$ cat protein_8.txt   # compact mmCIF, C-alpha atoms and all ligand atoms
# COMPACT_ATOMS: atom_id res chain seq x y z
CA MET A 203 73.31 75.40 92.72
CA PRO A 204 74.75 72.32 94.48
CA ALA A 205 74.42 69.11 92.46
CA ILE A 206 71.99 66.56 93.86
CA SER A 207 73.38 63.07 93.42
CA ARG A 208 71.24 59.96 93.56
CA ARG A 209 72.94 59.19 96.90
CA THR A 210 72.13 62.53 98.53
CA LEU A 211 68.58 62.35 97.11
CA LEU A 212 68.06 58.88 98.61
CA ALA A 213 69.65 59.98 101.89
CA GLY A 214 67.24 62.91 101.97
CA SER A 215 64.17 60.81 101.25
CA GLY A 216 65.43 58.25 103.79
CA ALA A 217 65.38 60.94 106.42
CA ALA A 218 61.87 61.93 105.35
CA ALA A 219 60.75 58.30 105.53
CA LEU A 220 62.12 58.00 109.07
CA ALA A 221 60.17 61.09 110.04
CA VAL A 222 56.95 59.57 108.68
CA HIS A 223 57.54 56.25 110.46
CA SER A 224 57.98 58.04 113.75
CA ASP A 225 54.34 59.22 113.43
CA PRO A 226 52.19 56.40 114.85
CA ALA A 227 49.04 57.57 113.01
CA ALA A 228 50.63 56.88 109.60
CA ALA A 229 51.27 53.22 110.44
CA THR A 230 47.60 52.37 111.01
CA ALA A 231 46.22 53.29 107.58
CA ALA A 232 45.69 50.20 105.39
CA PRO A 233 46.33 50.69 101.66
CA ILE A 234 43.12 51.14 99.64
CA GLY A 235 44.51 48.90 96.90
CA LYS A 236 42.43 50.14 93.98
CA GLN A 237 42.26 53.13 91.64
CA ALA A 238 39.89 56.09 92.06
CA PRO A 239 37.16 56.57 89.40
CA GLY A 240 38.37 57.94 86.04
CA ILE A 241 36.02 60.86 85.50
CA TYR A 242 36.77 64.42 84.40
CA ARG A 243 34.01 66.96 83.90
CA TYR A 244 34.24 70.20 81.91
CA LYS A 245 32.07 72.62 79.99
CA ILE A 246 31.87 73.91 76.45
CA GLY A 247 29.50 76.89 76.58
CA THR A 248 26.31 75.53 78.18
CA LEU A 249 27.15 71.88 77.38
CA GLU A 250 28.44 69.70 80.19
CA LEU A 251 31.05 67.15 79.13
CA THR A 252 32.26 64.12 81.05
CA ALA A 253 35.44 62.32 80.04
CA LEU A 254 35.19 58.67 81.08
CA TYR A 255 38.22 56.43 81.30
CA ASP A 256 37.82 52.88 79.99
CA GLY A 257 41.34 51.65 80.76
CA ILE A 258 44.63 51.12 78.99
CA TRP A 259 46.13 48.56 76.62
CA TYR A 260 49.82 47.92 76.21
CA ARG A 261 49.47 46.87 72.60
CA PRO A 262 52.28 44.58 71.38
CA ILE A 263 54.11 45.94 68.33
CA THR A 264 56.74 44.59 65.97
CA ASP A 265 59.38 46.23 63.78
CA LYS A 266 56.63 46.57 61.12
CA PHE A 267 54.57 48.87 63.36
CA ILE A 268 55.49 52.10 61.56
CA ARG A 269 55.55 51.64 57.80
CA ASN A 270 57.73 54.62 56.96
CA ALA A 271 60.29 54.88 59.77
CA PRO A 272 63.17 52.62 60.88
CA PHE A 273 62.22 50.69 64.01
CA ALA A 274 65.25 52.09 65.87
CA GLU A 275 63.65 55.56 65.57
CA VAL A 276 60.36 54.20 66.86
CA GLU A 277 62.11 52.55 69.82
CA SER A 278 63.88 55.82 70.55
CA ALA A 279 60.57 57.75 70.52
CA LEU A 280 59.01 55.20 72.86
CA ALA A 281 62.01 55.43 75.21
CA GLN A 282 61.83 59.24 75.21
CA ALA A 283 58.17 58.96 76.25
CA PHE A 284 59.00 56.47 79.05
CA MET A 285 57.02 53.77 77.25
CA PRO A 286 57.90 50.08 76.96
CA ALA A 287 59.97 49.40 73.81
CA ASP A 288 57.83 46.62 72.35
CA LYS A 289 54.35 47.97 73.07
CA LEU A 290 52.23 50.99 72.14
CA THR A 291 50.77 52.59 75.25
CA THR A 292 47.08 52.90 74.35
CA PRO A 293 44.70 54.51 76.84
CA PHE A 294 40.96 54.73 76.06
CA THR A 295 38.79 57.74 76.99
CA THR A 296 35.19 58.14 75.87
CA LEU A 297 33.15 61.31 76.15
CA ILE A 298 29.63 62.07 77.37
CA VAL A 299 28.06 65.27 76.04
CA ASN A 300 25.00 66.50 77.91
CA THR A 301 23.23 68.97 75.63
CA GLY A 302 20.47 69.59 78.20
CA LYS A 303 18.11 67.63 75.96
CA LYS A 304 20.18 64.53 75.19
CA LEU A 305 22.94 62.48 76.81
CA ILE A 306 25.32 61.58 73.99
CA LEU A 307 28.17 59.07 74.28
CA ILE A 308 30.93 59.49 71.67
CA ASP A 309 32.57 56.08 71.13
CA THR A 310 31.91 53.23 73.52
CA GLY A 311 35.19 51.80 74.82
CA THR A 312 36.31 48.20 74.70
CA GLY A 313 33.38 46.53 76.44
CA GLY A 314 36.05 44.61 78.38
CA GLN A 315 36.68 42.57 75.24
CA ILE A 316 40.19 43.68 74.27
CA THR A 317 42.44 43.52 77.32
CA ALA A 318 42.06 42.80 81.02
CA SER A 319 43.36 46.29 81.82
CA ALA A 320 40.40 48.03 80.08
CA GLY A 321 36.62 47.80 80.35
CA VAL A 322 35.92 50.11 83.30
CA LEU A 323 33.77 52.56 81.33
CA ARG A 324 30.51 51.30 82.86
CA ASP A 325 31.87 51.57 86.42
CA ASN A 326 33.08 55.10 85.73
CA LEU A 327 29.80 56.07 84.09
CA ILE A 328 27.89 54.95 87.18
CA ALA A 329 30.44 56.66 89.45
CA ALA A 330 29.76 59.82 87.39
CA GLY A 331 26.07 59.55 88.29
CA ILE A 332 24.89 58.41 84.84
CA HIS A 333 23.01 55.13 84.40
CA PRO A 334 23.69 53.35 81.08
CA LYS A 335 19.91 53.34 80.45
CA ALA A 336 19.98 57.16 80.49
CA VAL A 337 22.24 57.43 77.43
CA ASP A 338 20.04 58.65 74.52
CA LEU A 339 22.49 58.57 71.62
CA ILE A 340 25.75 56.80 70.81
CA VAL A 341 27.89 58.45 68.14
CA ILE A 342 30.73 56.42 66.60
CA SER A 343 33.93 57.85 65.09
CA HIS A 344 34.96 54.66 63.28
CA PHE A 345 34.54 50.90 63.41
CA HIS A 346 37.70 49.64 65.12
CA PRO A 347 36.84 47.30 68.01
CA ASP A 348 38.09 49.62 70.77
CA HIS A 349 35.44 52.17 69.67
CA ILE A 350 32.43 49.93 68.98
CA ASN A 351 32.79 46.89 71.24
CA GLY A 352 31.27 48.78 74.17
CA ILE A 353 27.93 48.87 72.29
CA LYS A 354 27.48 45.24 73.40
CA ASP A 355 28.75 42.90 76.09
CA LYS A 356 30.61 39.75 75.06
CA ASP A 357 27.28 37.86 74.92
CA ASN A 358 25.83 40.46 72.51
CA GLY A 359 23.56 42.17 75.03
CA LEU A 360 23.15 45.92 74.46
CA LEU A 361 25.03 47.85 77.16
CA PHE A 362 23.09 51.09 76.47
CA PRO A 363 19.63 49.65 75.73
CA ASN A 364 17.84 52.96 75.18
CA ALA A 365 20.43 54.64 72.97
CA GLU A 366 19.99 55.35 69.30
CA ILE A 367 23.24 54.56 67.44
CA ALA A 368 24.62 56.95 64.80
CA VAL A 369 27.58 55.96 62.60
CA PRO A 370 29.40 57.63 59.69
CA ALA A 371 27.86 56.41 56.41
CA PRO A 372 31.26 56.08 54.63
CA GLU A 373 32.51 53.90 57.48
CA TRP A 374 29.45 51.66 57.30
CA ASN A 375 29.72 51.44 53.51
CA PHE A 376 33.35 50.32 53.62
CA TRP A 377 33.27 47.79 56.45
CA MET A 378 29.82 46.27 55.89
CA ASP A 379 30.61 45.55 52.23
CA ASP A 380 31.10 41.79 51.88
CA ALA A 381 33.39 42.22 48.84
CA ASN A 382 35.77 44.25 51.04
CA LEU A 383 35.61 41.51 53.69
CA ARG A 384 36.49 38.84 51.14
CA ALA A 385 39.41 40.90 49.79
CA ALA A 386 40.87 41.65 53.25
CA PRO A 387 44.00 40.00 54.67
CA ALA A 388 43.33 37.39 57.37
CA ASP A 389 43.98 39.59 60.42
CA LEU A 390 41.77 42.38 59.06
CA LYS A 391 38.99 39.84 58.38
CA LEU A 392 38.63 39.52 62.17
CA THR A 393 37.86 43.25 62.31
CA PHE A 394 35.19 42.86 59.61
CA LEU A 395 33.64 39.88 61.43
CA ASN A 396 33.59 41.75 64.74
CA GLN A 397 31.70 44.62 63.06
CA ARG A 398 29.10 42.15 61.81
CA ARG A 399 28.74 40.75 65.35
CA ILE A 400 28.12 44.27 66.69
CA PHE A 401 25.92 45.72 63.96
CA LEU A 402 24.11 43.10 61.87
CA ASP A 403 21.26 42.26 64.25
CA ILE A 404 20.67 45.93 65.12
CA ALA A 405 21.24 47.35 61.61
CA ARG A 406 17.65 48.57 61.31
CA ASN A 407 18.18 50.87 64.29
CA VAL A 408 21.57 52.25 63.24
CA ARG A 409 21.38 55.76 61.79
CA ARG A 410 24.02 56.45 59.13
CA PHE A 411 25.00 60.10 58.87
CA ASN A 412 27.07 61.92 56.30
CA PRO A 413 30.13 63.76 57.69
CA GLY A 414 29.54 67.50 57.53
CA THR A 415 26.14 67.21 59.21
CA GLU A 416 25.10 67.82 62.83
CA VAL A 417 24.56 64.41 64.45
CA ALA A 418 22.82 66.17 67.35
CA ALA A 419 22.36 69.80 68.36
CA GLY A 420 25.87 71.07 69.15
CA VAL A 421 27.75 68.09 67.66
CA LEU A 422 28.98 68.65 64.11
CA SER A 423 30.59 65.69 62.29
CA LEU A 424 33.64 66.28 60.08
CA ASP A 425 35.22 63.98 57.51
CA ALA A 426 38.70 62.81 58.68
CA PRO A 427 39.64 59.79 56.54
CA GLY A 428 42.84 57.74 56.53
CA HIS A 429 43.00 55.81 59.80
CA THR A 430 39.89 54.16 58.36
CA PRO A 431 38.02 55.18 55.17
CA GLY A 432 35.10 56.75 57.05
CA HIS A 433 36.98 57.95 60.15
CA THR A 434 35.06 60.98 61.46
CA VAL A 435 35.81 63.67 64.04
CA PHE A 436 33.35 65.92 65.84
CA ALA A 437 33.21 69.62 66.72
CA VAL A 438 31.26 70.00 69.96
CA HIS A 439 30.18 73.63 70.07
CA SER A 440 28.12 76.00 72.20
CA GLY A 441 28.17 79.80 72.04
CA ASP A 442 31.68 80.86 71.08
CA GLN A 443 33.35 77.74 72.56
CA SER A 444 34.22 74.50 70.84
CA LEU A 445 36.08 71.24 71.29
CA ILE A 446 37.39 69.01 68.52
CA VAL A 447 36.91 65.32 69.31
CA LEU A 448 39.82 63.87 67.33
CA GLY A 449 39.06 60.16 67.66
CA ASP A 450 42.08 58.32 66.21
CA THR A 451 43.43 61.21 64.10
CA ALA A 452 46.52 60.44 66.16
CA GLN A 453 47.04 57.73 68.72
CA HIS A 454 49.25 58.46 71.74
CA PRO A 455 50.46 62.06 71.22
CA ALA A 456 53.91 61.33 72.66
CA VAL A 457 54.41 59.15 69.57
CA PHE A 458 52.13 60.49 66.82
CA ALA A 459 51.91 64.22 67.62
CA ARG A 460 55.69 64.34 67.92
CA HIS A 461 55.99 62.29 64.71
CA PRO A 462 52.99 63.33 62.63
CA ASP A 463 54.40 61.77 59.43
CA TRP A 464 54.44 58.28 60.86
CA GLN A 465 52.07 55.82 59.24
CA ALA A 466 51.00 53.07 61.60
CA ALA A 467 50.29 49.54 60.39
CA PHE A 468 46.67 49.96 61.54
CA ASP A 469 46.06 53.02 59.31
CA ILE A 470 44.11 51.75 56.28
CA ASP A 471 45.41 54.61 54.10
CA GLY A 472 48.64 55.92 55.64
CA ASP A 473 49.06 58.93 53.31
CA ALA A 474 45.50 60.10 53.96
CA ALA A 475 45.88 59.53 57.73
CA VAL A 476 48.96 61.77 57.80
CA ALA A 477 47.27 64.46 55.66
CA THR A 478 44.18 64.46 57.91
CA ARG A 479 46.32 64.58 61.06
CA LYS A 480 48.33 67.57 59.84
CA ARG A 481 45.25 69.42 58.57
CA LEU A 482 43.41 69.08 61.90
CA PHE A 483 46.46 69.60 64.11
CA ASP A 484 47.57 72.70 62.17
CA ARG A 485 44.09 74.16 62.57
CA ALA A 486 43.90 73.28 66.28
CA ALA A 487 47.37 74.71 66.95
CA ALA A 488 46.82 77.91 64.94
CA ASP A 489 43.40 78.59 66.48
CA ARG A 490 44.48 77.42 69.97
CA MET A 491 41.48 75.08 70.04
CA LEU A 492 40.72 72.65 72.81
CA VAL A 493 40.97 69.07 71.53
CA THR A 494 40.42 65.60 72.92
CA GLY A 495 41.92 62.39 71.53
CA TYR A 496 40.54 58.93 72.24
CA HIS A 497 44.05 57.57 72.93
CA PHE A 498 45.47 60.67 74.65
CA PRO A 499 46.41 60.29 78.34
CA PHE A 500 43.40 60.75 80.63
CA PRO A 501 41.48 63.07 80.79
CA ALA A 502 42.50 63.20 77.13
CA CYS A 503 41.76 66.88 76.51
CA GLY A 504 44.17 69.72 76.10
CA HIS A 505 45.83 71.81 73.43
CA LEU A 506 48.33 71.23 70.63
CA ILE A 507 51.40 73.37 70.02
CA LYS A 508 53.23 73.29 66.71
CA THR A 509 56.96 72.55 67.14
CA ALA A 510 59.86 72.51 64.66
CA THR A 511 59.29 68.82 63.93
CA GLY A 512 55.66 68.10 64.85
CA TYR A 513 53.28 68.96 67.68
CA GLU A 514 53.29 68.78 71.45
CA HIS A 515 50.20 68.00 73.50
CA VAL A 516 49.58 70.20 76.55
CA PRO A 517 47.05 68.57 78.89
CA VAL A 518 44.32 70.61 80.57
CA GLU A 519 44.71 71.60 84.20
CA TRP A 520 42.35 69.85 86.60
CA GLN A 521 39.55 72.25 87.56
CA PRO A 522 37.91 71.80 90.97
CA LYS A 523 34.85 73.75 89.78
CA LEU A 524 33.12 73.75 86.41
ZN ZN A 601 41.24 53.50 68.56

$ encode --input "protein_8.txt" --output "C-alpha cells"
Amino acid sequence: MPAISRRTLLAGSGAAALAVHSDPAAATAAPIGKQAPGIYRYKIGTLELTALYDGIWYRPITDKFIRNAPFAEVESALAQAFMPADKLTTPFTTLIVNTGKKLILIDTGTGGQITASAGVLRDNLIAAGIHPKAVDLIVISHFHPDHINGIKDKDNGLLFPNAEIAVPAPEWNFWMDDANLRAAPADLKLTFLNQRRIFLDIARNVRRFNPGTEVAAGVLSLDAPGHTPGHTVFAVHSGDQSLIVLGDTAQHPAVFARHPDWQAAFDIDGDAAVATRKRLFDRAAADRMLVTGYHFPFPACGHLIKTATGYEHVPVEWQPKL
C-alpha cells in the first residue's frame, strides 16, 4: 500500500476543497453556530430510556490527582486518550426511565452551577419532548454536586417541582451528619454545605431507600460504595433485558476503565472504590451487559471488555429506530 504523507493528504484534501468551492450552492449556507440537542433514546424491554446530555467540564487536576500512580503515568494516559494534560475530561449524562407509569430521572446534572460548559439538561429534556413538571421521581446515585445540583436552580427553586426525590440512606447518613461535616477538610466542607443547601429545606419530602431495594418498578438499587460511602448503582430491568447505571463507579473510561486500580483524589475510600469498580466491571464484561456511566462520553451507554490490564469501553451504535 503506498504511504500517505501529511503532504499528499493535504494536497488531496486541498483538491477536494477546491471542488467544493466551485459549487456555488455550498457558498450560500451560513454556519448554524450551535450544537444539536444531546438526546439518545433506547429501550430495555418495554421501558423507554432517554439519555440526556448536560454538558462537559474540563476539571483542573494536579499531580495529586491519582493517589497511587506517578503523575507521569497519568499524563501519559491522558495523552493516549487525546485529553488535555492538566484536566480531567468530565462529561455529564443523566438518564430518564419511562416505566409507562412513571417518568424517573436518575441524577440531575449540574444545574448550570459547576461550569459554563454544562447545564443544558433542561434544554435537552424539553427538546426530548419532556417537560420538567412531568418528571415524577428523581433517583440519586450519590451526593456530589454534579449529581444533585440539578435538583435546584442557583436561587434554590426546584427545577422538577412535581418530582418525589429518592436518595440512598447510607449516603444521606454520611453527608448529613454534622459531626462528619466538622471533621472534614476545608475543601470537602464545601461539598457538605452544598448538600445542606440542596436538601435541608426539602428533607421532609426526601425518601431514603436502602440499597438492594427497588426504588421504582424496574429500577433495582445496588450498593456500590467507595467513591462515596453510600454510592449506589441501579439495574434497570424489563423482561430478560437489563442495563446497569454505573454512576461514578468509574469516571471517564479512557482513564479509569483502562486503569481500574487508580484511586482518584475525589474517591472518599480509594480501596473500596477500586474493589467496587472491579466487581461491577468484571460482572458486566463476563455477562456482556449493557452499562451506562454518568461520566462516559455521550450517549454514555455501551459495553465493557476485559483486557490484559483493565477494561475497554465500547460505545453503542446509534439506532435510527427504537
Ligand atoms: Zn460525578

$ closest_atom_pairs --input "protein_8.txt" --of "chain A" --to "ligand ZN 601 (chain A)" --cutoff "8 Å" --atoms "all atoms listed in the file" --output "tab-separated table"
residue	atom	partner	partner_atom	distance
A:Phe294	CA	A:ZN601	ZN	7.6
A:His346	CA	A:ZN601	ZN	6.3
A:Pro347	CA	A:ZN601	ZN	7.6
A:Asp348	CA	A:ZN601	ZN	5.5
A:His349	CA	A:ZN601	ZN	6.1
A:Gly449	CA	A:ZN601	ZN	7.1
A:Asp450	CA	A:ZN601	ZN	5.4
A:Gln453	CA	A:ZN601	ZN	7.2
A:Tyr496	CA	A:ZN601	ZN	6.6
A:His497	CA	A:ZN601	ZN	6.6

$ residues_around --input "protein_8.txt" --residues "Arg398 (chain A)" --least-positions-apart "3" --cutoff "12 Å" --atoms "all atoms listed in the file" --output "VMD selection string"
chain A and resid 345 to 347 350 to 351 358 374 377 to 380 383 391 to 395 401 to 405

$ residues_around --input "protein_8.txt" --residues "Arg269 (chain A)" --least-positions-apart "5" --cutoff "10 Å" --atoms "only C-alpha atoms" --output "NGL selection string"
:A and (464-469 or 472)

$ atom_distance --input "protein_8.txt" --atom1 "CA of Leu249 (chain A)" --atom2 "CA of Val408 (chain A)"
24.8 Å

$ residues_around --input "protein_8.txt" --residues "region 273-286 of chain A" --least-positions-apart "3" --cutoff "9 Å" --atoms "all atoms listed in the file" --output "number ranges by chain"
A: 260, 264-268, 289-291, 456-457, 460-461

$ closest_residue --input "protein_8.txt" --among "A:Ala437, A:Ala318, A:Ile258, A:Ala486" --to "His454 (chain A)" --atoms "all atoms listed in the file"
A:Ile258

$ atom_distance --input "protein_8.txt" --atom1 "CA of Leu327 (chain A)" --atom2 "CA of Gly257 (chain A)"
12.8 Å

$ closest_residue --input "protein_8.txt" --among "A:Gly311, A:Gly352, A:Pro455, A:Pro370" --to "Ile507 (chain A)" --atoms "only C-alpha atoms"
A:Pro455

$ decode --input "protein_8.txt" --residues "region 259-270 of chain A" --atoms "N, CA, C and O atoms" --output "compact mmCIF listing (two decimals), in the first residue's frame"
# COMPACT_ATOMS: atom_id res chain seq x y z
N TRP A 259 -17.20 19.19 31.56
CA TRP A 259 -16.33 20.01 32.41
C TRP A 259 -14.91 19.54 32.20
O TRP A 259 -14.65 18.33 32.30
N TYR A 260 -14.03 20.47 31.90
CA TYR A 260 -12.60 20.14 31.85
C TYR A 260 -12.04 20.49 33.23
O TYR A 260 -11.68 21.62 33.50
N ARG A 261 -12.06 19.47 34.09
CA ARG A 261 -11.80 19.66 35.51
C ARG A 261 -10.30 19.77 35.77
O ARG A 261 -9.55 18.82 35.47
N PRO A 262 -9.83 20.89 36.29
CA PRO A 262 -8.38 21.03 36.53
C PRO A 262 -7.89 19.96 37.51
O PRO A 262 -8.57 19.65 38.49
N ILE A 263 -6.72 19.40 37.22
CA ILE A 263 -6.13 18.41 38.14
C ILE A 263 -4.69 18.81 38.45
O ILE A 263 -4.10 19.60 37.72
N THR A 264 -4.17 18.24 39.51
CA THR A 264 -2.77 18.48 39.88
C THR A 264 -2.05 17.13 39.90
O THR A 264 -2.66 16.09 39.62
N ASP A 265 -0.78 17.16 40.29
CA ASP A 265 -0.03 15.89 40.37
C ASP A 265 -0.49 15.02 41.53
O ASP A 265 -0.05 13.88 41.67
N LYS A 266 -1.44 15.53 42.35
CA LYS A 266 -2.02 14.71 43.44
C LYS A 266 -3.30 14.01 43.00
O LYS A 266 -3.97 13.36 43.81
N PHE A 267 -3.67 14.16 41.73
CA PHE A 267 -4.99 13.70 41.28
C PHE A 267 -5.20 12.20 41.50
O PHE A 267 -6.24 11.76 41.97
N ILE A 268 -4.19 11.39 41.13
CA ILE A 268 -4.29 9.95 41.40
C ILE A 268 -3.36 9.63 42.57
O ILE A 268 -2.16 9.89 42.52
N ARG A 269 -3.95 9.05 43.61
CA ARG A 269 -3.18 8.84 44.85
C ARG A 269 -2.10 7.77 44.70
O ARG A 269 -1.09 7.81 45.39
N ASN A 270 -2.37 6.78 43.81
CA ASN A 270 -1.48 5.61 43.81
C ASN A 270 -0.81 5.37 42.46
O ASN A 270 -0.53 4.23 42.11
